[in-house]
Every structure is written in C-alpha cells, then in structure tokens.
file structure.csv (CSV, C-alpha atoms)
chain,number,residue,atom,x,y,z
A,23,MET,CA,0.0,0.0,0.0
A,24,ASN,CA,1.5,3.3,-1.0
A,25,LEU,CA,2.1,6.2,1.5
A,26,LYS,CA,-0.6,8.4,0.0
A,27,LYS,CA,-3.3,5.8,0.5
A,28,ARG,CA,-2.1,5.1,4.1
A,29,ILE,CA,-2.3,8.8,5.0
A,30,SER,CA,-5.7,9.0,3.4
A,31,GLN,CA,-7.0,6.0,5.4
A,32,ALA,CA,-5.5,7.4,8.7
A,33,ALA,CA,-7.2,10.7,8.0
A,34,ASP,CA,-10.5,8.9,7.4
A,35,ARG,CA,-10.2,7.1,10.7
A,36,VAL,CA,-9.5,10.3,12.6
A,37,ARG,CA,-12.3,12.2,10.9
A,38,GLY,CA,-14.8,9.5,11.5
A,39,ALA,CA,-13.7,8.7,15.1
A,40,PHE,CA,-16.4,9.0,17.7
A,41,VAL,CA,-15.3,11.1,20.6
A,42,SER,CA,-15.9,9.7,24.0
A,43,GLU,CA,-18.5,11.8,25.8
A,44,ASP,CA,-16.9,11.2,29.2
A,45,LEU,CA,-13.6,12.5,28.0
A,46,ILE,CA,-15.3,15.5,26.5
A,47,ILE,CA,-17.2,16.4,29.7
A,48,ARG,CA,-14.1,16.1,31.9
A,49,LEU,CA,-11.9,18.2,29.5
A,50,ARG,CA,-14.7,20.7,29.0
A,51,TRP,CA,-14.6,21.9,32.6
A,52,PHE,CA,-10.8,22.0,32.5
A,53,LEU,CA,-10.9,24.1,29.4
A,54,LEU,CA,-13.6,26.4,30.8
A,55,PHE,CA,-11.4,27.0,33.9
A,56,THR,CA,-8.4,27.7,31.6
A,57,ALA,CA,-10.5,30.1,29.6
A,58,ILE,CA,-11.6,32.1,32.6
A,59,LEU,CA,-8.1,32.1,34.0
A,60,GLY,CA,-6.7,33.3,30.7
A,61,ILE,CA,-9.2,36.2,30.6
A,62,TYR,CA,-8.5,37.0,34.3
A,63,ILE,CA,-4.7,37.1,33.6
A,64,GLY,CA,-5.4,39.2,30.5
A,65,PHE,CA,-7.5,41.7,32.5
A,66,GLN,CA,-4.9,41.8,35.3
A,67,ALA,CA,-2.2,42.7,32.7
A,68,GLY,CA,-4.4,45.2,30.9
A,69,ASP,CA,-5.9,46.5,34.2
A,70,ASP,CA,-9.3,47.0,32.6
A,71,TRP,CA,-12.2,45.1,31.0
A,72,TYR,CA,-10.8,45.9,27.5
A,73,VAL,CA,-7.4,46.2,26.0
A,74,LYS,CA,-6.5,49.8,26.8
A,75,GLU,CA,-3.6,50.0,24.4
A,76,PHE,CA,-5.9,49.3,21.4
A,77,ALA,CA,-8.7,51.7,22.4
A,78,THR,CA,-7.2,54.5,20.3
A,79,TYR,CA,-5.0,52.4,18.0
A,80,ASP,CA,-5.5,53.1,14.3
A,81,TRP,CA,-5.6,49.6,12.9
A,82,ALA,CA,-5.6,50.6,9.3
A,83,ARG,CA,-2.3,52.5,9.9
A,84,GLY,CA,-1.0,49.4,11.7
A,85,LEU,CA,-1.8,47.4,8.7
A,86,GLY,CA,0.3,49.7,6.6
A,87,TYR,CA,-2.5,51.3,4.6
B,15,MET,CA,-37.6,13.2,31.0
B,16,VAL,CA,-34.7,15.3,29.7
B,17,LYS,CA,-35.9,18.3,27.8
B,18,ALA,CA,-33.7,19.4,24.9
B,19,VAL,CA,-33.5,22.7,23.3
B,20,LYS,CA,-34.2,22.4,19.6
B,21,GLY,CA,-32.2,25.5,18.9
B,22,LEU,CA,-33.1,28.8,17.3
B,23,ASP,CA,-35.1,28.7,14.1
B,24,PRO,CA,-32.8,29.2,11.1
B,25,LYS,CA,-35.2,31.8,9.8
B,26,PHE,CA,-33.9,34.2,12.4
B,27,ARG,CA,-30.3,33.6,11.2
B,28,LEU,CA,-30.3,36.3,8.5
B,29,PRO,CA,-31.7,39.0,10.7
B,30,ALA,CA,-29.3,38.0,13.5
B,31,GLN,CA,-26.3,38.3,11.1
B,32,ALA,CA,-27.6,41.6,9.7
B,33,ILE,CA,-28.0,43.0,13.3
B,34,THR,CA,-24.6,41.8,14.3
B,35,PHE,CA,-23.1,43.4,11.2
B,36,GLY,CA,-24.7,46.7,12.3
B,37,VAL,CA,-23.7,46.3,16.0
B,38,HIS,CA,-20.0,45.8,14.9
B,39,ARG,CA,-20.2,49.2,13.2
B,40,LEU,CA,-21.6,51.3,16.1
B,41,GLY,CA,-18.4,53.3,15.9
B,42,ILE,CA,-20.3,55.3,13.3
B,43,PHE,CA,-21.6,57.4,16.3
B,44,ARG,CA,-18.1,58.7,16.7
B,45,LYS,CA,-18.8,60.6,13.5
B,46,LEU,CA,-21.5,62.6,15.2
B,47,PRO,CA,-20.8,66.0,16.7
B,48,GLU,CA,-19.7,66.5,20.3
B,49,GLY,CA,-21.1,64.1,22.9
B,50,TRP,CA,-20.5,61.0,24.9
B,51,HIS,CA,-20.3,59.0,21.7
B,52,ALA,CA,-17.0,60.6,20.8
B,53,GLU,CA,-15.5,58.5,23.6
B,54,ILE,CA,-16.5,55.1,22.0
B,55,PRO,CA,-13.2,53.3,21.9
B,56,ARG,CA,-11.7,51.9,18.7
B,57,THR,CA,-11.6,48.2,18.8
B,58,SER,CA,-10.6,47.3,22.3
B,59,ALA,CA,-12.9,44.5,23.1
B,60,VAL,CA,-13.0,41.3,21.0
B,61,THR,CA,-15.8,39.7,19.2
B,62,PRO,CA,-16.1,36.1,18.1
B,63,CYS,CA,-16.5,37.2,14.5
B,64,LEU,CA,-14.3,37.9,11.6
B,65,ASN,CA,-14.7,41.7,11.7
B,66,CYS,CA,-12.0,43.9,10.3
B,67,GLN,CA,-10.9,46.5,12.9
B,68,ALA,CA,-9.3,48.6,10.2
B,69,CYS,CA,-12.9,49.8,9.5
B,70,GLU,CA,-13.3,53.3,10.6
B,71,LEU,CA,-16.7,52.5,12.0
B,72,ALA,CA,-15.7,49.4,14.0
B,73,TRP,CA,-15.6,49.3,17.7
B,74,LEU,CA,-15.1,45.6,18.3
B,75,ALA,CA,-11.9,43.8,17.3
B,76,CYS,CA,-11.4,40.5,15.4
B,77,PRO,CA,-9.5,38.0,17.6
B,78,MET,CA,-7.2,37.2,14.7
B,79,GLY,CA,-6.1,40.8,14.2
B,80,MET,CA,-5.7,41.2,18.0
B,81,THR,CA,-3.6,38.0,18.2
B,82,GLN,CA,-1.2,39.3,15.6
B,83,ARG,CA,-0.9,42.6,17.3
B,84,TYR,CA,-0.1,40.9,20.6
B,85,ILE,CA,2.5,38.7,18.9
B,86,ILE,CA,4.1,41.7,17.2
B,87,ASP,CA,4.3,43.4,20.6
B,88,LYS,CA,5.9,40.2,21.9
B,89,ARG,CA,3.2,39.6,24.5
B,90,PHE,CA,1.3,36.4,25.1
B,91,PRO,CA,-2.4,36.9,24.1
B,92,PHE,CA,-3.9,35.6,27.4
B,93,TYR,CA,-7.1,37.7,26.9
B,94,ILE,CA,-7.7,36.5,23.3
B,95,LEU,CA,-6.9,32.8,24.0
B,96,GLY,CA,-9.2,32.9,27.1
B,97,PHE,CA,-11.9,34.5,25.1
B,98,LEU,CA,-11.6,32.0,22.2
B,99,PHE,CA,-11.6,29.1,24.7
B,100,LEU,CA,-14.6,30.5,26.5
B,101,VAL,CA,-16.6,30.9,23.3
B,102,GLY,CA,-15.4,27.6,21.9
B,103,VAL,CA,-16.2,25.5,25.0
B,104,THR,CA,-19.6,27.1,25.5
B,105,VAL,CA,-21.1,27.5,22.0
B,106,GLY,CA,-18.3,26.3,19.6
B,107,ARG,CA,-18.7,27.6,16.1
B,108,TRP,CA,-22.2,28.8,16.7
B,109,ALA,CA,-21.0,32.4,16.1
B,110,CYS,CA,-19.8,31.4,12.6
B,111,GLY,CA,-23.3,30.4,11.7
B,112,TRP,CA,-25.3,33.1,13.5
B,113,LEU,CA,-23.2,36.2,14.1
B,114,CYS,CA,-20.2,36.5,11.7
B,115,PRO,CA,-20.6,39.3,9.1
B,116,MET,CA,-18.5,37.2,6.6
B,117,GLY,CA,-20.8,34.3,7.3
B,118,LEU,CA,-23.6,36.6,6.1
B,119,VAL,CA,-21.6,37.3,2.8
B,120,MET,CA,-21.0,33.5,2.4
B,121,ASP,CA,-24.7,32.7,3.0
B,122,ILE,CA,-25.7,35.1,0.3
B,123,VAL,CA,-23.1,33.5,-2.1
B,124,ASN,CA,-24.5,30.1,-1.1
B,125,LYS,CA,-27.9,31.0,-2.5
B,126,GLY,CA,-26.4,31.5,-6.0
B,127,SER,CA,-23.5,29.1,-5.7
B,128,SER,CA,-23.1,26.6,-8.6
B,129,HIS,CA,-21.7,23.8,-6.4
B,130,LYS,CA,-20.0,22.6,-9.6
B,131,TYR,CA,-16.8,21.4,-8.1
B,132,ASN,CA,-16.2,19.5,-4.9
B,133,PRO,CA,-12.7,20.2,-3.5
B,134,PRO,CA,-10.9,17.4,-1.7
B,135,GLU,CA,-11.5,16.9,2.0
B,136,TRP,CA,-7.9,17.7,2.9
B,137,MET,CA,-8.5,21.3,1.9
B,138,ARG,CA,-10.3,21.7,5.2
B,139,LEU,CA,-6.9,21.6,6.8
B,140,ILE,CA,-5.9,24.9,5.1
B,141,LYS,CA,-7.7,26.9,7.8
B,142,TYR,CA,-5.4,25.4,10.5
B,143,GLY,CA,-2.5,26.2,8.3
B,144,TYR,CA,-3.7,29.8,8.0
B,145,LEU,CA,-4.1,29.9,11.8
B,146,ALA,CA,-0.6,28.7,12.4
B,147,GLY,CA,0.7,30.8,9.6
B,148,LEU,CA,-0.7,34.1,10.9
B,149,VAL,CA,1.0,33.5,14.2
B,150,VAL,CA,4.4,32.6,12.6
B,151,LEU,CA,4.2,35.3,9.9
B,152,ALA,CA,3.3,38.0,12.5
B,153,PHE,CA,6.2,36.9,14.7
B,154,PHE,CA,8.8,37.0,11.9
B,155,SER,CA,7.5,39.8,9.7
B,156,GLY,CA,6.6,42.2,12.5
B,157,ILE,CA,3.5,43.3,10.6
B,158,ILE,CA,-0.2,42.1,10.6
B,159,PHE,CA,0.7,40.0,7.7
B,160,PHE,CA,-2.4,37.8,7.4
B,161,CYS,CA,-4.9,40.6,7.4
B,162,ARG,CA,-2.7,42.7,5.1
B,163,TYR,CA,-2.3,40.1,2.3
B,164,LEU,CA,-4.6,37.1,2.7
B,165,CYS,CA,-7.7,37.9,4.6
B,166,PHE,CA,-11.1,37.7,2.9
B,167,GLY,CA,-12.6,39.8,5.7
B,168,ALA,CA,-10.2,42.7,5.2
B,169,ILE,CA,-12.6,44.1,2.6
B,170,LEU,CA,-14.9,45.0,5.5
B,171,GLY,CA,-12.2,47.3,6.8
B,172,ILE,CA,-10.8,48.7,3.6
B,173,ILE,CA,-14.0,50.0,1.9
B,174,PRO,CA,-15.4,51.9,4.9
B,175,TYR,CA,-11.9,53.2,5.6
B,176,TRP,CA,-11.5,54.3,2.0
B,177,LEU,CA,-15.0,55.9,2.0
B,178,THR,CA,-14.7,57.8,5.3
B,179,TRP,CA,-11.1,59.0,5.2
B,180,GLU,CA,-10.0,58.4,1.6
B,181,THR,CA,-6.4,58.1,2.7
B,182,ILE,CA,-5.9,54.6,1.5
B,183,SER,CA,-4.1,54.0,-1.8
B,184,TYR,CA,-5.9,52.5,-4.8
B,185,THR,CA,-3.3,49.8,-4.9
B,186,TRP,CA,-4.5,48.4,-1.5
B,187,LEU,CA,-8.1,48.9,-2.4
B,188,PHE,CA,-7.8,47.0,-5.6
B,189,TYR,CA,-5.5,44.3,-4.1
B,190,HIS,CA,-8.2,43.6,-1.4
B,191,LEU,CA,-11.0,43.7,-4.0
B,192,GLY,CA,-9.0,41.1,-6.0
B,193,ALA,CA,-8.5,38.9,-2.9
B,194,PHE,CA,-12.1,39.2,-2.0
B,195,SER,CA,-13.2,38.3,-5.6
B,196,PHE,CA,-10.9,35.3,-5.6
B,197,TYR,CA,-12.5,33.8,-2.5
B,198,LEU,CA,-16.0,34.7,-3.7
B,199,THR,CA,-15.3,33.0,-7.1
B,200,PHE,CA,-13.9,30.0,-5.4
B,201,ALA,CA,-17.0,29.9,-3.2
B,202,TYR,CA,-19.3,30.3,-6.2
B,203,TYR,CA,-17.9,27.3,-8.0
B,204,THR,CA,-17.5,25.0,-5.0
B,205,HIS,CA,-19.6,25.7,-1.9
B,206,GLY,CA,-21.2,28.9,-0.6
B,207,ARG,CA,-19.5,28.5,2.7
B,208,ALA,CA,-16.1,27.8,1.2
B,209,TRP,CA,-14.3,30.5,3.2
B,210,CYS,CA,-15.6,29.0,6.5
B,211,ARG,CA,-14.9,25.5,5.4
B,212,TYR,CA,-11.4,25.8,4.0
B,213,PHE,CA,-9.8,29.1,4.9
B,214,CYS,CA,-11.1,30.9,8.0
B,215,PRO,CA,-8.5,31.0,10.8
B,216,LEU,CA,-11.0,32.2,13.3
B,217,GLY,CA,-13.2,29.2,12.4
B,218,ALA,CA,-10.2,27.0,13.0
B,219,ALA,CA,-9.4,28.7,16.3
B,220,LEU,CA,-13.0,28.2,17.5
B,221,SER,CA,-13.3,24.7,16.2
B,222,LEU,CA,-10.5,23.3,18.3
B,223,PRO,CA,-12.1,24.1,21.7
B,224,GLY,CA,-15.4,23.7,19.9
B,225,VAL,CA,-14.9,19.9,20.1
B,226,PHE,CA,-15.8,20.3,23.8
B,227,SER,CA,-18.7,22.6,23.1
B,228,MET,CA,-21.6,22.5,25.5
B,229,ILE,CA,-24.0,23.3,22.6
B,230,LYS,CA,-23.9,20.6,20.0
B,231,LEU,CA,-25.9,18.8,17.4
B,232,HIS,CA,-27.8,15.9,18.7
B,233,TYR,CA,-29.1,13.0,16.5
B,234,ASN,CA,-31.6,10.4,17.4
B,235,TRP,CA,-31.2,7.4,15.2
B,236,MET,CA,-34.5,5.8,16.3
B,237,TRP,CA,-36.7,8.1,14.2
B,238,CYS,CA,-34.3,8.5,11.3
B,239,THR,CA,-35.3,7.2,7.9
B,240,LYS,CA,-31.9,8.1,6.4
B,241,CYS,CA,-33.5,10.3,3.8
B,242,GLY,CA,-30.3,12.4,3.5
B,243,LEU,CA,-32.1,15.8,3.5
B,244,CYS,CA,-29.9,17.0,6.4
B,245,LYS,CA,-26.7,16.1,4.6
B,246,GLN,CA,-27.9,17.9,1.5
B,247,ALA,CA,-28.9,21.0,3.5
B,248,CYS,CA,-25.6,21.3,5.4
B,249,PRO,CA,-23.6,24.3,4.2
B,250,MET,CA,-20.5,22.9,5.8
B,251,GLY,CA,-20.7,19.6,3.9
B,252,ILE,CA,-20.9,17.4,7.0
B,253,ASP,CA,-23.2,14.5,7.7
B,254,PRO,CA,-25.5,15.4,10.6
B,255,MET,CA,-26.3,11.7,11.0
B,256,LYS,CA,-22.8,11.2,12.4
B,257,ALA,CA,-23.3,14.0,15.0
B,258,SER,CA,-20.6,12.9,17.4
B,259,THR,CA,-17.7,12.3,15.1
B,260,LEU,CA,-14.7,14.5,15.4
B,261,LYS,CA,-15.3,16.0,12.0
B,262,ASN,CA,-18.8,17.1,13.0
B,263,ARG,CA,-17.6,18.5,16.2
B,264,LEU,CA,-14.9,20.5,14.4
B,265,GLU,CA,-16.9,21.7,11.5
B,266,CYS,CA,-20.5,22.2,12.6
B,267,ILE,CA,-21.5,25.9,12.7
B,268,LYS,CA,-24.9,25.1,14.4
B,269,CYS,CA,-26.8,27.0,11.8
B,270,GLY,CA,-29.8,24.7,12.3
B,271,ARG,CA,-30.5,24.0,8.6
B,272,CYS,CA,-30.4,20.3,9.1
B,273,VAL,CA,-32.7,20.6,12.1
B,274,SER,CA,-35.2,22.6,10.1
B,275,VAL,CA,-35.3,20.2,7.0
B,276,CYS,CA,-35.5,17.0,9.0
B,277,PRO,CA,-39.1,15.6,8.4
B,278,ASN,CA,-38.9,13.3,11.4
B,279,HIS,CA,-37.4,15.7,14.0
B,280,CYS,CA,-34.3,13.5,14.5
B,281,LEU,CA,-32.0,16.4,15.0
B,282,ALA,CA,-31.7,19.2,17.6
B,283,ILE,CA,-29.1,21.7,18.6
B,284,GLY,CA,-28.7,22.2,22.3
B,285,MET,CA,-27.1,20.9,25.5
B,286,ALA,CA,-29.1,17.9,26.3
B,287,PRO,CA,-29.7,14.7,24.2
B,288,LEU,CA,-32.7,14.8,21.9
B,289,LEU,CA,-35.7,14.0,24.0
B,290,THR,CA,-38.8,16.2,24.1
B,291,PRO,CA,-42.4,15.4,24.8
B,292,GLY,CA,-43.4,17.3,21.8
B,293,LYS,CA,-41.2,15.4,19.5
B,294,GLU,CA,-42.2,12.1,20.9
B,295,GLU,CA,-45.8,12.9,20.1
B,296,LYS,CA,-44.8,13.8,16.5
B,297,ALA,CA,-42.7,10.7,16.2
B,298,THR,CA,-45.4,8.3,17.3
B,299,LYS,CA,-47.9,9.9,14.9
B,300,ARG,CA,-45.6,9.9,11.9
B,301,VAL,CA,-46.3,7.5,9.0
B,302,PRO,CA,-43.6,4.9,8.7
B,303,VAL,CA,-41.4,5.5,5.7
B,304,ASN,CA,-39.5,2.8,3.8
B,305,GLY,CA,-40.7,0.0,6.1
B,306,ALA,CA,-39.7,1.8,9.3
B,307,VAL,CA,-41.4,0.3,12.3
B,308,LYS,CA,-43.6,2.5,14.5
B,309,LEU,CA,-42.1,2.1,18.0
B,310,PRO,CA,-44.0,2.1,21.3
B,311,LYS,CA,-43.9,5.4,23.1
B,312,GLU,CA,-41.8,4.1,26.1
B,313,MET,CA,-39.0,3.1,23.7
B,314,LEU,CA,-38.8,6.6,22.4
B,315,THR,CA,-37.4,7.8,25.7
B,316,GLU,CA,-34.1,6.1,24.9
B,317,THR,CA,-31.3,7.6,23.0
B,318,ARG,CA,-27.7,6.9,22.3
B,319,VAL,CA,-25.7,9.6,23.8
B,320,ASN,CA,-22.8,9.5,21.3
B,321,GLY,CA,-25.1,9.0,18.4
B,322,ARG,CA,-23.4,5.7,17.5
B,323,GLN,CA,-25.0,3.7,14.8
call {"tool": "encode", "arguments": {"input": "structure.csv", "output": "structure tokens"}}
result
Amino acid sequence: MNLKKRISQAADRVRGAFVSEDLIIRLRWFLLFTAILGIYIGFQAGDDWYVKEFATYDWARGLGY
Amino acid sequence: MVKAVKGLDPKFRLPAQAITFGVHRLGIFRKLPEGWHAEIPRTSAVTPCLNCQACELAWLACPMGMTQRYIIDKRFPFYILGFLFLVGVTVGRWACGWLCPMGLVMDIVNKGSSHKYNPPEWMRLIKYGYLAGLVVLAFFSGIIFFCRYLCFGAILGIIPYWLTWETISYTWLFYHLGAFSFYLTFAYYTHGRAWCRYFCPLGAALSLPGVFSMIKLHYNWMWCTKCGLCKQACPMGIDPMKASTLKNRLECIKCGRCVSVCPNHCLAIGMAPLLTPGKEEKATKRVPVNGAVKLPKEMLTETRVNGRQ
C-alpha cells in the first residue's frame, strides 16, 4: 500500500472517530477553567475590561495602509 | 424526562447576522458632533466574528487581528486565547453560523452558488495552516501579515476606511478587492461557505475548543429514515447523522438548517440529548417510511448519547 493511501486512510479514521462523551465532559470543565483564568490574567495585565492600548490604536495605519 | 432545546429557528439567522453586522459598526456614532459617543473606543474588546478592525466604524476587534498585534508586541495573548476558549467551549462555532458578518456574505453567495466542483476533504486543513501561519508570519515579519495580504474579511475594513477617510491608496483597495473576488469566485464554483470550510483561521481557532462545546448537534437514530435531506442542506458539507464524530464537532456551525429540514425531528441543537415530549408525540404519529417500524412510546425515551450507529 502506498504512502498516500495510508495517509488518506488514517485521516478517514481520525475524521470518523467518535469522541468519548466522558472525556469531552471532563476536559470541558478544565478548558472552561483555563479560559476564565486566561481572561483574568489578561485583565490583570491590561488593568481594565478591555485592551486599553488598542482603544485608540489606528488599525488601518497598523496594517500599513 | 430530559428536555432538549431544539435550537433557534434558522429563519432568524439572516436578521441575526444583519443585526450583528450593524452592531459591529456602532463606531459610526463617533462621527456625530460632540457628545459621549465621541468616547466610544476603537476596537478594544474582542468579538467572536471575523470583523476587520481597520474599519473606521468598527468598535469591536477581530481576535485574529488582536492576536497578531499581541505577537508583534511580543506579548502572550492571554485575553484572546481565554476569550476563544470560552466561546469555543460554550457555543463552539455557533458564532460562525449566526453572528459573523463574513458568514452573512457567504450565505448570500451560497444561495447563488453553482456547487459545480467538490474540493478534496484535505482542503479543510488549510484553515489550520492559516491559523498557524498568521502567528508565525506576524512573529517573523513584525506586521499584521495575514490581514494585510490574505484575509477575505479585510474588505470590510478597507472599503469603509476608504469611503470615510479616503487616505488609502488605490493599490491596496484593488488588491483587497481582488483577494475578495478570488475567495468569492472559489465559493461560487465550490460551496457557498467555502471560506468558512477551507480558509477561515477564526473558524479554526473556534473549532478546536469547539470539540468540547456545550452546545452541539444531537441526533436520534431511532426516528431517522436516512433520507439524507440533512446532509444535502448542510452548508459545511458534513453528515449530521454522524453527529458525534470528530469531523462534525470541528466543522458544525450550528446553523440549524439540518434541524429545520428533517421531516422526522431526529436532529436538535442544544445541551441535552434529543428528547422532548413534543417530538415524541410527533414521532409516534408519523407515518412509517421505507418500512420503518412504529415504535411504542416508552421506547422513544431512549437515545444513544454518542449518536453511535
């Protein structure tokens, strides 16, 4: 069996894989906690509910237009 | 009895997208004479949509542009990653289907799309390449490279910027019109949602935590006659009958088209598995199709959580 066919079959297996609901539920809470922690750290660093530095930033100039 | 949410009716999707498009442009109030509205910040809070913050009227920022800016500033984007994880884990790619302004453009294209060519499945990986590429390119180039050269959504920033300030060069205007036309043409000949399927880095960023999304598509195999209407209706080219596969979890934008076309109410979008008293009633009353057996009411309370067939 050639390599291309093997890769294609492996991709089909991954795509069609059923994801265990138990694993999803456990990881979901971990990810949710990580998300809230990330936002909290972001706010601590920015010291506000939004990104202060970008409040007056001209994005079009930043893009080089 | 578990009660599932069927999900919002897709007929509200177009108004929702149009309203979101307007909400993203509330910075237009800055153009008014003196007043509190002059203080509306320029793009400081993120939105889960591909919304170009170069737009003079924008007041919410695209997470992809923000990420690049953070990387250029050599700072770790905690805020953006936290936001993307939060949206991904709660609603997944729901925002792609219901809120994104570029999704609105893609849906309009979808109505007139020829569906002539079917690109290979591996092309769906391009969006992950774009996601990784925008990080790497921003780091090494020191400019917001992806939005400047490759983004379909940049047109939303360029045209209003050009119309309001007229300081942008025609070169950039025509370049982005060309890039926009390329993606639109590709979408016309393949699938209306081609940008979302194959290229959108924000879709890729939301799809990864979206695997763990609380809101997901639920499928009840007991009532299904395998008519295939759901598969035909799906703008993302996935098979809703395999609701719990990795591909579906990554790609489903929760637009609800499959739910609305299903004649036997086998599909629902929500948190709980598909069991509602209303649907039971409909299911017991339905006429068996293709030799399907009419099941007793008590059996209809069972469902397979993973949707295994």
call {"tool": "closest_residue", "arguments": {"input": "structure.csv", "among": "A:Ala57, A:Gln66, A:Trp51, A:Ala33", "to": "chain B", "atoms": "all atoms listed in the file"}}
result
A:Ala57
call {"tool": "closest_residue", "arguments": {"input": "structure.csv", "among": "B:Leu71, B:Ile157, B:Ile283, B:Leu100", "to": "Phe52 in chain A", "atoms": "all atoms listed in the file"}}
result
B:Leu100
call {"tool": "residues_around", "arguments": {"input": "structure.csv", "residues": "range 111-119 of chain B", "least_positions_apart": "3", "cutoff": "8 Å", "atoms": "all atoms listed in the file", "output": "list in words"}}
result
Arg27, Leu28, Ala30, Gln31, Ala32, Thr34, Phe35, Pro62, Cys63, Leu64, Asn65, Arg107, Trp108, Ile122, Val123, Gly167, Arg207, Cys210, Ile267, Lys268 and Cys269 of chain B
call {"tool": "closest_residue", "arguments": {"input": "structure.csv", "among": "B:Val105, B:Leu260, B:Leu95, B:Leu243", "to": "Met78 in chain B", "atoms": "only C-alpha atoms"}}
result
B:Leu95
call {"tool": "interface_residues", "arguments": {"input": "structure.csv", "of": "chain B", "to": "chain A", "cutoff": "9 Å", "atoms": "all atoms listed in the file", "output": "PyMOL selection string"}}
result
chain B and resi 54-60+66-70+73+79-80+83+91-101+103-104+136+157-159+161-162+171-172+175+181-183+186+223+225-228+256-263+319-322
call {"tool": "write_last_selection", "arguments": {"input": "structure.csv", "atoms": "C-alpha atoms", "output": "mmCIF file, keeping the file's coordinate frame"}}
result
data_model
loop_
_atom_site.group_PDB
_atom_site.id
_atom_site.type_symbol
_atom_site.label_atom_id
_atom_site.label_comp_id
_atom_site.auth_asym_id
_atom_site.auth_seq_id
_atom_site.Cartn_x
_atom_site.Cartn_y
_atom_site.Cartn_z
ATOM 1 C CA ILE B 54 -16.500 55.100 22.000
ATOM 2 C CA PRO B 55 -13.200 53.300 21.900
ATOM 3 C CA ARG B 56 -11.700 51.900 18.700
ATOM 4 C CA THR B 57 -11.600 48.200 18.800
ATOM 5 C CA SER B 58 -10.600 47.300 22.300
ATOM 6 C CA ALA B 59 -12.900 44.500 23.100
ATOM 7 C CA VAL B 60 -13.000 41.300 21.000
ATOM 8 C CA CYS B 66 -12.000 43.900 10.300
ATOM 9 C CA GLN B 67 -10.900 46.500 12.900
ATOM 10 C CA ALA B 68 -9.300 48.600 10.200
ATOM 11 C CA CYS B 69 -12.900 49.800 9.500
ATOM 12 C CA GLU B 70 -13.300 53.300 10.600
ATOM 13 C CA TRP B 73 -15.600 49.300 17.700
ATOM 14 C CA GLY B 79 -6.100 40.800 14.200
ATOM 15 C CA MET B 80 -5.700 41.200 18.000
ATOM 16 C CA ARG B 83 -0.900 42.600 17.300
ATOM 17 C CA PRO B 91 -2.400 36.900 24.100
ATOM 18 C CA PHE B 92 -3.900 35.600 27.400
ATOM 19 C CA TYR B 93 -7.100 37.700 26.900
ATOM 20 C CA ILE B 94 -7.700 36.500 23.300
ATOM 21 C CA LEU B 95 -6.900 32.800 24.000
ATOM 22 C CA GLY B 96 -9.200 32.900 27.100
ATOM 23 C CA PHE B 97 -11.900 34.500 25.100
ATOM 24 C CA LEU B 98 -11.600 32.000 22.200
ATOM 25 C CA PHE B 99 -11.600 29.100 24.700
ATOM 26 C CA LEU B 100 -14.600 30.500 26.500
ATOM 27 C CA VAL B 101 -16.600 30.900 23.300
ATOM 28 C CA VAL B 103 -16.200 25.500 25.000
ATOM 29 C CA THR B 104 -19.600 27.100 25.500
ATOM 30 C CA TRP B 136 -7.900 17.700 2.900
ATOM 31 C CA ILE B 157 3.500 43.300 10.600
ATOM 32 C CA ILE B 158 -0.200 42.100 10.600
ATOM 33 C CA PHE B 159 0.700 40.000 7.700
ATOM 34 C CA CYS B 161 -4.900 40.600 7.400
ATOM 35 C CA ARG B 162 -2.700 42.700 5.100
ATOM 36 C CA GLY B 171 -12.200 47.300 6.800
ATOM 37 C CA ILE B 172 -10.800 48.700 3.600
ATOM 38 C CA TYR B 175 -11.900 53.200 5.600
ATOM 39 C CA THR B 181 -6.400 58.100 2.700
ATOM 40 C CA ILE B 182 -5.900 54.600 1.500
ATOM 41 C CA SER B 183 -4.100 54.000 -1.800
ATOM 42 C CA TRP B 186 -4.500 48.400 -1.500
ATOM 43 C CA PRO B 223 -12.100 24.100 21.700
ATOM 44 C CA VAL B 225 -14.900 19.900 20.100
ATOM 45 C CA PHE B 226 -15.800 20.300 23.800
ATOM 46 C CA SER B 227 -18.700 22.600 23.100
ATOM 47 C CA MET B 228 -21.600 22.500 25.500
ATOM 48 C CA LYS B 256 -22.800 11.200 12.400
ATOM 49 C CA ALA B 257 -23.300 14.000 15.000
ATOM 50 C CA SER B 258 -20.600 12.900 17.400
ATOM 51 C CA THR B 259 -17.700 12.300 15.100
ATOM 52 C CA LEU B 260 -14.700 14.500 15.400
ATOM 53 C CA LYS B 261 -15.300 16.000 12.000
ATOM 54 C CA ASN B 262 -18.800 17.100 13.000
ATOM 55 C CA ARG B 263 -17.600 18.500 16.200
ATOM 56 C CA VAL B 319 -25.700 9.600 23.800
ATOM 57 C CA ASN B 320 -22.800 9.500 21.300
ATOM 58 C CA GLY B 321 -25.100 9.000 18.400
ATOM 59 C CA ARG B 322 -23.400 5.700 17.500
#
call {"tool": "atom_distance", "arguments": {"input": "structure.csv", "atom1": "CA of His38 in chain B", "atom2": "CA of Cys76 in chain B"}}
result
10.1 Å
call {"tool": "atom_distance", "arguments": {"input": "structure.csv", "atom1": "CA of Leu198 in chain B", "atom2": "CA of Met120 in chain B"}}
result
8.0 Å
call {"tool": "residues_around", "arguments": {"input": "structure.csv", "residues": "Leu187 in chain B", "least_positions_apart": "6", "cutoff": "9 Å", "atoms": "all atoms listed in the file", "output": "MDAnalysis selection string"}}
result
chainID B and resid 169 172:173 176
call {"tool": "write_last_selection", "arguments": {"input": "structure.csv", "atoms": "C-alpha atoms", "output": "PDB file, in the coordinates of the input"}}
result
ATOM      1  CA  ILE B 169     -12.600  44.100   2.600  1.00  0.00           C
ATOM      2  CA  ILE B 172     -10.800  48.700   3.600  1.00  0.00           C
ATOM      3  CA  ILE B 173     -14.000  50.000   1.900  1.00  0.00           C
ATOM      4  CA  TRP B 176     -11.500  54.300   2.000  1.00  0.00           C
TER       5      TRP B 176
END
call {"tool": "closest_residue", "arguments": {"input": "structure.csv", "among": "B:Arg211, B:Arg271, B:Arg44, B:Lys230", "to": "Pro133 in chain B", "atoms": "all atoms listed in the file"}}
result
B:Arg211
call {"tool": "atom_distance", "arguments": {"input": "structure.csv", "atom1": "CA of Gly251 in chain B", "atom2": "CA of Asn278 in chain B"}}
result
20.7 Å
call {"tool": "residues_around", "arguments": {"input": "structure.csv", "residues": "Pro277 in chain B", "least_positions_apart": "4", "cutoff": "10 Å", "atoms": "all atoms listed in the file", "output": "VMD selection string"}}
result
chain B and resid 237 to 239 241 243 to 244 272 to 273 281 297 300
